[in-house]
>>> print(open('upload.txt').read())   # compact mmCIF, C-alpha atoms
# COMPACT_ATOMS: atom_id res chain seq x y z
CA ALA A 197 0.00 0.00 0.00
CA GLU A 198 2.83 2.41 0.83
CA GLY A 199 4.48 1.74 -2.53
CA LEU A 200 1.25 2.44 -4.46
CA THR A 201 0.64 5.57 -2.40
CA GLY A 202 4.17 6.72 -3.16
CA GLN A 203 3.62 6.21 -6.89
CA ILE A 204 0.38 8.21 -6.74
CA TYR A 205 2.15 11.03 -4.88
CA LEU A 206 4.83 10.95 -7.59
CA SER A 207 2.17 11.20 -10.32
CA ILE A 208 0.54 14.27 -8.77
CA GLY A 209 3.82 16.03 -8.03
CA ASP A 210 4.08 15.68 -4.25
CA TYR A 211 7.71 14.59 -4.42
CA GLU A 212 8.52 14.87 -0.72
CA SER A 213 5.65 12.55 0.23
CA ALA A 214 6.45 10.26 -2.71
CA GLU A 215 10.05 9.74 -1.63
CA LYS A 216 9.04 9.15 1.99
CA MET A 217 6.46 6.50 1.05
CA LEU A 218 8.67 4.79 -1.54
CA ARG A 219 11.60 4.57 0.85
CA ARG A 220 9.32 3.22 3.58
CA ALA A 221 7.99 0.57 1.16
CA LEU A 222 11.53 -0.31 0.06
CA ASP A 223 12.69 -0.71 3.66
CA ALA A 224 9.67 -2.90 4.44
CA GLN A 225 10.43 -5.17 1.47
CA ARG A 226 14.06 -5.53 2.55
CA LYS A 227 13.05 -6.44 6.10
CA MET A 228 10.55 -8.99 4.83
CA PHE A 229 12.54 -10.63 1.99
CA GLY A 230 16.12 -9.48 2.58
CA LYS A 231 18.16 -7.15 0.42
CA ASN A 232 18.26 -7.63 -3.37
CA SER A 233 14.82 -9.21 -3.78
CA LYS A 234 12.59 -8.97 -6.85
CA ALA A 235 10.14 -6.77 -4.93
CA GLU A 236 12.72 -3.96 -4.79
CA LEU A 237 12.78 -3.35 -8.53
CA SER A 238 9.46 -1.52 -8.79
CA TYR A 239 10.34 0.89 -5.99
CA LEU A 240 13.82 1.52 -7.36
CA ASN A 241 12.27 2.33 -10.75
CA SER A 242 9.89 4.84 -9.15
CA LEU A 243 12.75 6.43 -7.17
CA ILE A 244 14.74 6.87 -10.40
CA THR A 245 11.76 8.67 -11.96
CA LEU A 246 11.50 10.87 -8.87
CA TYR A 247 15.20 11.77 -8.98
CA LEU A 248 15.02 12.65 -12.68
CA VAL A 249 12.03 14.94 -12.15
CA GLN A 250 13.85 16.65 -9.27
CA ARG A 251 17.08 16.88 -11.33
CA ARG A 252 18.93 14.86 -8.69
CA LEU A 253 21.04 13.38 -11.43
CA THR A 254 23.75 11.79 -9.29
CA ASP A 255 21.12 9.95 -7.24
CA ALA A 256 19.33 8.92 -10.45
CA SER A 257 22.52 7.58 -12.03
CA GLU A 258 23.61 5.62 -8.93
CA THR A 259 20.14 4.13 -8.47
CA ALA A 260 19.81 3.25 -12.18
CA HIS A 261 23.12 1.37 -12.18
CA GLY A 262 22.05 -0.42 -8.99
CA TYR A 263 18.72 -1.26 -10.66
CA LEU A 264 20.54 -2.70 -13.69
CA SER A 265 22.91 -4.72 -11.52
CA LEU A 266 20.06 -6.18 -9.45
CA SER A 267 18.01 -7.05 -12.56
CA ARG A 268 20.94 -8.89 -14.09
CA LYS A 269 21.70 -10.69 -10.84
CA LEU A 270 18.10 -11.88 -10.44
CA PHE A 271 17.15 -12.61 -14.05
CA GLY A 272 20.30 -12.59 -16.21
CA ALA A 273 21.70 -9.98 -18.56
CA ARG A 274 19.81 -11.15 -21.68
CA SER A 275 16.37 -11.24 -20.06
CA PRO A 276 13.24 -9.07 -20.41
CA GLN A 277 14.02 -7.54 -17.02
CA GLY A 278 17.57 -6.84 -18.19
CA ALA A 279 16.18 -5.02 -21.24
CA GLN A 280 13.76 -3.07 -19.03
CA SER A 281 16.60 -1.94 -16.76
CA LEU A 282 18.57 -0.82 -19.82
CA ALA A 283 15.61 1.31 -20.94
CA VAL A 284 15.64 3.00 -17.53
CA LEU A 285 19.41 3.52 -17.62
CA ALA A 286 19.25 4.93 -21.17
CA GLN A 287 16.82 7.63 -20.03
CA VAL A 288 19.10 8.51 -17.12
CA GLU A 289 22.19 8.66 -19.36
CA LEU A 290 20.42 10.97 -21.79
CA THR A 291 19.11 13.24 -19.01
CA THR A 292 22.58 13.53 -17.47
CA GLY A 293 23.94 14.66 -20.85
CA ASN A 294 25.61 11.44 -21.99
CA ALA A 295 23.85 11.01 -25.36
CA GLY A 296 26.53 8.66 -26.67
CA GLY A 297 26.19 6.39 -23.62
CA ALA A 298 22.40 6.47 -23.94
CA ALA A 299 22.64 5.43 -27.61
CA GLU A 300 24.83 2.43 -26.70
CA VAL A 301 22.48 1.36 -23.91
CA CYS A 302 19.44 1.65 -26.23
CA ALA A 303 21.16 -0.42 -28.91
CA GLU A 304 21.98 -3.16 -26.39
CA GLY A 305 18.42 -3.19 -25.05
CA LEU A 306 16.88 -3.38 -28.52
CA GLN A 307 19.27 -6.20 -29.46
CA ILE A 308 18.08 -8.20 -26.42
CA ILE A 309 14.45 -7.62 -27.44
CA GLU A 310 15.20 -8.90 -30.95
CA GLU A 311 16.99 -11.97 -29.57
CA LEU A 312 14.06 -12.84 -27.31
CA GLY A 313 11.59 -12.25 -30.15
CA SER A 314 8.42 -11.97 -28.05
CA PRO A 315 5.61 -9.48 -28.84
CA ASP A 316 4.98 -9.37 -25.08
CA LEU A 317 8.08 -7.20 -24.85
CA ASN A 318 6.66 -4.40 -27.02
CA LYS A 319 6.14 -2.16 -23.97
CA ILE A 320 9.88 -2.27 -23.24
CA LYS A 321 10.73 -1.95 -26.93
CA ALA A 322 8.53 1.14 -27.24
CA ARG A 323 10.29 2.75 -24.30
CA LEU A 324 13.72 2.01 -25.76
CA LEU A 325 12.68 3.36 -29.18
CA ASN A 326 11.36 6.53 -27.56
CA VAL A 327 14.67 7.17 -25.79
CA SER A 328 16.53 6.25 -28.99
CA GLY A 329 14.48 8.90 -30.82
CA ASP A 330 15.32 11.44 -28.11
CA VAL A 331 19.02 10.61 -28.50
CA ALA A 332 18.89 10.97 -32.29
CA GLN A 333 17.07 14.28 -31.86
CA LYS A 334 19.80 15.48 -29.49
CA GLN A 335 22.49 14.42 -31.95
CA GLY A 336 20.80 16.13 -34.89
CA ASP A 337 19.78 12.98 -36.77
CA PHE A 338 16.17 14.06 -37.24
CA GLU A 339 15.35 11.39 -39.83
CA LYS A 340 16.20 8.66 -37.30
CA ALA A 341 14.44 10.61 -34.53
CA VAL A 342 11.21 10.70 -36.56
CA ARG A 343 11.50 7.01 -37.43
CA ASP A 344 12.10 5.90 -33.83
CA HIS A 345 9.49 8.21 -32.30
CA ALA A 346 6.90 7.13 -34.89
CA ALA A 347 7.53 3.45 -34.05
CA ALA A 348 7.33 4.21 -30.30
CA LEU A 349 4.03 6.06 -30.76
CA SER A 350 2.53 3.29 -32.88
CA MET A 351 3.37 0.70 -30.23
CA ALA A 352 2.07 2.91 -27.41
CA GLU A 353 -1.26 3.35 -29.21
CA GLU A 354 -1.56 -0.42 -29.58
CA LEU A 355 -0.69 -0.97 -25.94
CA TYR A 356 -2.54 1.87 -24.25
CA GLY A 357 -5.16 3.33 -26.61
CA SER A 358 -5.17 6.93 -27.77
CA GLN A 359 -6.08 9.07 -24.75
CA ILE A 360 -3.73 8.37 -21.87
CA SER A 361 -0.77 10.50 -20.85
CA ILE A 362 1.99 8.24 -22.18
CA VAL A 363 0.52 8.43 -25.71
CA PHE A 364 0.19 12.21 -25.33
CA GLU A 365 3.93 12.38 -24.51
CA ARG A 366 4.82 10.19 -27.49
CA VAL A 367 2.75 12.38 -29.84
CA LEU A 368 4.62 15.45 -28.60
CA ASN A 369 8.00 13.72 -29.02
CA LEU A 370 7.20 12.74 -32.60
CA GLY A 371 5.86 16.24 -33.24
CA ILE A 372 9.08 17.89 -32.07
CA SER A 373 11.24 15.55 -34.17
CA THR A 374 9.00 16.21 -37.18
CA TYR A 375 9.19 19.97 -36.58
CA LEU A 376 12.99 19.82 -36.37
CA SER A 377 13.13 17.76 -39.58
CA GLY A 378 11.43 20.66 -41.40
CA ASN A 379 8.05 19.02 -42.03
CA LEU A 380 5.94 21.89 -40.66
CA ASN A 381 2.54 20.66 -41.86
CA GLU A 382 2.91 17.24 -40.21
CA ALA A 383 4.32 18.87 -37.06
CA ARG A 384 1.24 21.12 -36.90
CA SER A 385 -1.02 18.09 -37.24
CA LEU A 386 0.73 16.34 -34.34
CA ALA A 387 0.77 19.50 -32.20
CA SER A 388 -2.94 19.96 -32.84
CA ARG A 389 -3.61 16.37 -31.85
CA ALA A 390 -1.59 16.75 -28.63
CA SER A 391 -3.26 20.03 -27.64
CA GLY A 392 -6.66 18.46 -28.37
CA VAL A 393 -5.92 15.60 -25.96
CA SER A 394 -4.80 18.04 -23.25
CA GLN A 395 -7.95 20.13 -23.67
CA ARG A 396 -10.19 17.05 -23.48
CA ARG A 397 -8.48 16.04 -20.25
CA LEU A 398 -9.00 19.49 -18.72
CA GLN A 399 -12.54 18.84 -17.45
CA ASP A 400 -11.31 15.65 -15.75
CA VAL A 401 -8.40 17.58 -14.22
CA LEU A 402 -10.74 20.20 -12.76
CA ARG A 403 -12.51 17.44 -10.80
CA MET A 404 -9.28 16.39 -9.08
CA ASP A 405 -7.98 17.68 -5.77
CA GLU A 406 -5.99 20.92 -5.56
CA ARG A 407 -2.53 19.36 -5.45
CA ALA A 408 -3.20 17.24 -8.52
CA ARG A 409 -4.53 20.22 -10.48
CA LEU A 410 -1.41 22.25 -9.74
CA SER A 411 0.77 19.31 -10.76
CA TRP A 412 -1.09 18.94 -14.07
CA GLN A 413 -0.69 22.65 -14.78
CA GLY A 414 3.05 22.42 -14.07
CA LYS A 415 3.38 19.58 -16.58
CA MET A 416 1.56 21.36 -19.41
CA LYS A 417 3.61 21.08 -22.62
CA TRP A 418 3.34 24.39 -24.46
CA ASP A 419 6.55 24.45 -26.51
CA LEU A 420 5.57 22.55 -29.66
CA PRO A 421 1.99 23.92 -30.01
CA LEU A 422 3.09 27.54 -29.51
CA SER A 423 6.04 27.08 -31.88
CA CYS A 424 4.12 25.79 -34.87
CA LEU A 425 0.31 25.99 -34.57
CA ARG A 426 -1.65 28.62 -36.47
CA PRO A 427 -2.72 31.79 -34.58
CA GLU A 428 -6.38 30.79 -34.26
CA GLN A 429 -5.39 27.39 -32.82
CA ILE A 430 -3.03 29.00 -30.31
CA GLY A 431 -5.73 31.52 -29.37
CA GLN A 432 -8.24 28.81 -28.53
CA LEU A 433 -5.65 26.74 -26.66
CA LEU A 434 -4.71 29.70 -24.45
CA LEU A 435 -8.34 30.68 -23.86
CA ARG A 436 -9.19 27.19 -22.68
CA THR A 437 -6.18 26.33 -20.56
CA LYS A 438 -4.10 29.30 -19.42
CA GLY A 439 -4.90 30.16 -15.82
CA VAL A 440 -7.99 27.95 -15.61
CA VAL A 441 -6.44 25.69 -12.96
CA LEU A 442 -5.47 28.56 -10.65
CA ASP A 443 -8.86 30.20 -11.15
CA SER A 444 -10.61 26.93 -10.33
CA ILE A 445 -8.67 26.73 -7.06
CA LEU A 446 -9.75 30.26 -6.16
CA GLU A 447 -13.35 29.21 -6.85
CA ASP A 448 -12.98 26.19 -4.59
CA ARG A 449 -11.67 28.32 -1.76
CA ALA A 450 -14.59 30.71 -2.17
CA VAL A 451 -16.88 27.73 -1.60
CA VAL A 452 -15.45 27.03 1.86
CA SER A 453 -17.22 30.01 3.45
CA GLY A 454 -20.54 28.93 1.95
CA ALA A 455 -19.95 25.35 3.05
CA ASN A 456 -19.92 26.43 6.70
CA ALA A 457 -23.41 27.89 6.49
CA THR A 458 -25.37 24.73 7.37
CA GLU A 459 -24.74 21.18 8.49
CA GLU A 460 -25.97 19.91 5.12
CA ALA A 461 -23.51 22.14 3.29
CA ARG A 462 -20.63 20.97 5.50
CA GLU A 463 -21.49 17.35 4.78
CA GLU A 464 -21.61 18.05 1.03
CA TYR A 465 -18.25 19.81 1.17
CA HIS A 466 -16.54 16.95 3.00
CA GLU A 467 -18.07 14.45 0.56
CA LEU A 468 -16.79 16.54 -2.37
CA LYS A 469 -13.25 16.57 -0.95
CA SER A 470 -13.36 12.80 -0.46
CA LEU A 471 -14.66 12.19 -3.99
CA LYS A 472 -11.96 14.41 -5.53
CA ARG A 473 -9.29 12.38 -3.79
CA GLU A 474 -10.86 9.24 -5.26
CA VAL A 475 -11.03 10.80 -8.75
CA THR A 476 -7.33 11.67 -8.44
CA ARG A 477 -6.47 8.14 -7.32
CA GLN A 478 -8.35 6.66 -10.28
CA MET A 479 -6.81 9.01 -12.84
CA PHE A 480 -3.28 8.17 -11.72
CA GLY A 481 -3.95 4.51 -10.92
CA ASN A 482 -3.72 1.43 -13.12
CA GLU A 483 -5.46 2.06 -16.46
CA ASP A 484 -6.17 -1.65 -16.94
CA VAL A 485 -8.19 -2.10 -13.77
CA ARG A 486 -9.90 1.24 -13.53
CA SER A 487 -13.69 0.97 -13.90
CA LYS A 488 -15.04 3.41 -16.49
CA ALA A 489 -18.57 3.05 -15.11
CA ASN A 490 -17.39 3.91 -11.60
CA SER A 491 -15.40 6.88 -12.97
CA ALA A 492 -18.51 8.19 -14.72
CA GLU A 493 -20.57 7.87 -11.53
CA LEU A 494 -17.90 9.70 -9.54
CA ALA A 495 -17.76 12.51 -12.11
CA LYS A 496 -21.55 12.82 -12.04
CA ARG A 497 -21.66 13.05 -8.24
CA VAL A 498 -18.81 15.59 -8.16
CA ALA A 499 -20.73 17.76 -10.64
CA GLU A 500 -23.90 17.53 -8.50
CA LEU A 501 -22.06 18.57 -5.34
CA GLU A 502 -20.28 21.43 -7.13
CA ARG A 503 -23.61 22.75 -8.41
CA SER A 504 -25.16 22.54 -4.95
CA LEU A 505 -22.24 24.21 -3.17
CA GLY A 506 -21.80 26.76 -5.96
CA SER A 507 -25.40 27.89 -5.57
CA ARG A 508 -24.68 28.75 -1.91
CA SER A 509 -21.64 30.92 -2.62
CA ASN A 510 -22.14 32.11 -6.22
CA ALA A 511 -18.97 30.18 -7.09
CA LEU A 512 -18.07 27.07 -9.10
CA GLY A 513 -19.09 26.63 -12.69
CA ARG A 514 -17.99 29.85 -14.37
CA ILE A 515 -14.34 28.83 -14.49
CA ARG A 516 -15.19 25.22 -15.35
CA LYS A 517 -17.11 26.44 -18.38
CA THR A 518 -14.00 28.16 -19.76
CA ALA A 519 -12.65 24.68 -20.49
CA ASP A 520 -15.26 24.45 -23.29
CA ILE A 521 -14.93 27.99 -24.66
CA THR A 522 -14.34 28.65 -28.36
CA LEU A 523 -13.06 31.64 -30.31
CA ASP A 524 -16.46 31.93 -32.01
CA ALA A 525 -18.04 32.49 -28.59
CA VAL A 526 -15.52 35.16 -27.57
CA LEU A 527 -15.00 37.29 -30.68
CA PRO A 528 -18.57 38.67 -30.92
CA ALA A 529 -18.15 40.11 -27.41
CA LEU A 530 -15.15 42.19 -28.50
CA THR A 531 -17.02 45.20 -29.87
CA GLY A 532 -16.27 48.89 -30.03
CA GLY A 533 -12.55 48.45 -30.53
CA THR A 534 -12.12 46.11 -27.54
CA VAL A 535 -9.05 43.92 -27.82
CA LEU A 536 -8.05 40.89 -25.72
CA LEU A 537 -4.33 40.24 -25.27
CA ASP A 538 -2.92 36.96 -23.98
CA PHE A 539 0.80 36.43 -23.42
CA ALA A 540 2.74 33.16 -23.21
CA ARG A 541 6.33 32.10 -22.63
CA PHE A 542 7.64 28.98 -24.38
CA GLU A 543 10.78 27.45 -25.86
CA ASP A 544 11.14 26.93 -29.60
CA PRO A 545 12.88 23.54 -30.12
CA ALA A 546 14.33 24.70 -33.45
CA LEU A 547 16.42 27.47 -31.86
CA PRO A 548 19.96 26.84 -30.54
CA GLU A 549 20.23 25.49 -27.00
CA GLY A 550 20.41 28.32 -24.49
CA ARG A 551 18.55 30.68 -26.84
CA ARG A 552 15.19 28.93 -27.12
CA ALA A 553 13.16 31.08 -24.74
CA CYS A 554 10.43 32.99 -26.60
CA TYR A 555 7.53 35.23 -25.69
CA GLY A 556 4.37 35.45 -27.74
CA CYS A 557 1.19 37.48 -27.67
CA VAL A 558 -2.19 36.49 -29.09
CA ILE A 559 -4.35 39.47 -30.05
CA LEU A 560 -8.09 38.88 -30.29
CA ALA A 561 -10.29 41.53 -31.85
CA GLU A 562 -13.74 41.73 -33.45
CA ASP A 563 -12.34 41.81 -36.98
>>> encode(input="upload.txt", output="structure tokens")
Amino acid sequence: AEGLTGQIYLSIGDYESAEKMLRRALDAQRKMFGKNSKAELSYLNSLITLYLVQRRLTDASETAHGYLSLSRKLFGARSPQGAQSLAVLAQVELTTGNAGGAAEVCAEGLQIIEELGSPDLNKIKARLLNVSGDVAQKQGDFEKAVRDHAAALSMAEELYGSQISIVFERVLNLGISTYLSGNLNEARSLASRASGVSQRRLQDVLRMDERARLSWQGKMKWDLPLSCLRPEQIGQLLLRTKGVVLDSILEDRAVVSGANATEEAREEYHELKSLKREVTRQMFGNEDVRSKANSAELAKRVAELERSLGSRSNALGRIRKTADITLDAVLPALTGGTVLLDFARFEDPALPEGRRACYGCVILAED
């Protein structure tokens, strides 16, 4: 339970709690089964992810090499687990700036996958291909980057469907490689697809608890869409997503005063908080076991409670509706010379490293 809780904390960006729970779970496994047991591998993998996110690169590298050594000791070097540990190490090598080392590790991992020849290993192969594409992108081989990222995306879609976060990341990776290769039209298509997925997820995100919403906002990927989408697409993307999370949190806090008005309101508020924690747990839990029917019922009940509490405090709902707004709904309101300006900061992947920071402004007017 502690290990799963730690992984959920990691998913929503509470890194301090994640590390505490993962280390507690790791210690418990070592006390129960002794050091260097199979049960350690999952927690070591999660700790590596945590260290990479926090840019604790020395910790990530040491843990990744320990993870590889343990995998080989338990299962052998030319095993599926050995290939999996190489995929993890390749990502660490790339993140620490060793693109050449990452390329060698990817090649070894992919060779093991080919030797074993099992389609059950496509999840590991997709991960290796994705890192291989990142390495090629870093080294300026954009043709190889597009090829590897396209293969990784295709496998991810087969494995996971089209809507979950890992596919979203793979679409963005392929989009950036395509953009850098000079194929602007295809890059725009991929950027549009990625921004569409993020906008569709926004209503789900607004049902989650406050910490998870802030984490989602911090992970928003603006660089590719703002670098290559057309002005009207960027305008709608910014209208729907920029600031909506922070505004929704302000709405929620406005509800607290209204929730104290009656015993019924207090009960509704506490139920809403509990349901949002459950929605968060489901969104970041195991996709294979999550019940879609139960998720729909939760979302319905959250909406009912928000409407009830919002009616007491004149809050909730206005901000949520901005997640569905369109340019066609906004432009007619800009009359008499009124202009709406929206600014954004992003990094253009095509610019030299260290000089990628850009600022843009979308100008909306009646004409």
>>> closest_residue(input="upload.txt", among="A:Arg220, A:Arg436, A:Arg497, A:Arg366", to="Arg397 (chain A)", atoms="only C-alpha atoms")
A:Arg436
>>> atom_distance(input="upload.txt", atom1="CA of Ala525 (chain A)", atom2="CA of Gln429 (chain A)")
14.3 Å
>>> atom_distance(input="upload.txt", atom1="CA of Arg343 (chain A)", atom2="CA of Val284 (chain A)")
20.7 Å
>>> atom_distance(input="upload.txt", atom1="CA of Lys340 (chain A)", atom2="CA of Ser328 (chain A)")
8.7 Å
>>> closest_residue(input="upload.txt", among="A:Leu248, A:Gly293, A:Gln280, A:Ser275", to="Glu311 (chain A)", atoms="all atoms listed in the file")
A:Ser275
>>> closest_residue(input="upload.txt", among="A:Leu243, A:Val401, A:Ala540, A:Ala279", to="Lys472 (chain A)", atoms="only C-alpha atoms")
A:Val401
>>> residues_around(input="upload.txt", residues="Asp419 (chain A)", least_positions_apart="6", cutoff="10 Å", atoms="only C-alpha atoms", output="PDB file with C-alpha atoms, keeping the file's coordinate frame")
ATOM      1  CA  LEU A 368       4.620  15.450 -28.600  1.00  0.00           C
ATOM      2  CA  ILE A 372       9.080  17.890 -32.070  1.00  0.00           C
ATOM      3  CA  ALA A 387       0.770  19.500 -32.200  1.00  0.00           C
ATOM      4  CA  ARG A 541       6.330  32.100 -22.630  1.00  0.00           C
ATOM      5  CA  PHE A 542       7.640  28.980 -24.380  1.00  0.00           C
ATOM      6  CA  GLU A 543      10.780  27.450 -25.860  1.00  0.00           C
ATOM      7  CA  ASP A 544      11.140  26.930 -29.600  1.00  0.00           C
ATOM      8  CA  PRO A 545      12.880  23.540 -30.120  1.00  0.00           C
ATOM      9  CA  ARG A 552      15.190  28.930 -27.120  1.00  0.00           C
ATOM     10  CA  ALA A 553      13.160  31.080 -24.740  1.00  0.00           C
ATOM     11  CA  CYS A 554      10.430  32.990 -26.600  1.00  0.00           C
TER      12      CYS A 554
END
>>> closest_residue(input="upload.txt", among="A:Gln203, A:Glu289, A:Ser281, A:Ala224", to="Leu237 (chain A)", atoms="only C-alpha atoms")
A:Ser281
>>> closest_residue(input="upload.txt", among="A:Leu471, A:Leu494, A:Ile308, A:Ala341", to="Gly272 (chain A)", atoms="only C-alpha atoms")
A:Ile308
>>> closest_residue(input="upload.txt", among="A:Ser373, A:Asn318, A:Thr437, A:Thr201", to="Thr522 (chain A)", atoms="only C-alpha atoms")
A:Thr437
>>> residues_around(input="upload.txt", residues="region 249-252 of chain A", least_positions_apart="4", cutoff="10 Å", atoms="all atoms listed in the file", output="PyMOL selection string")
chain A and resi 206+209+211+243-245+256-257+291-292
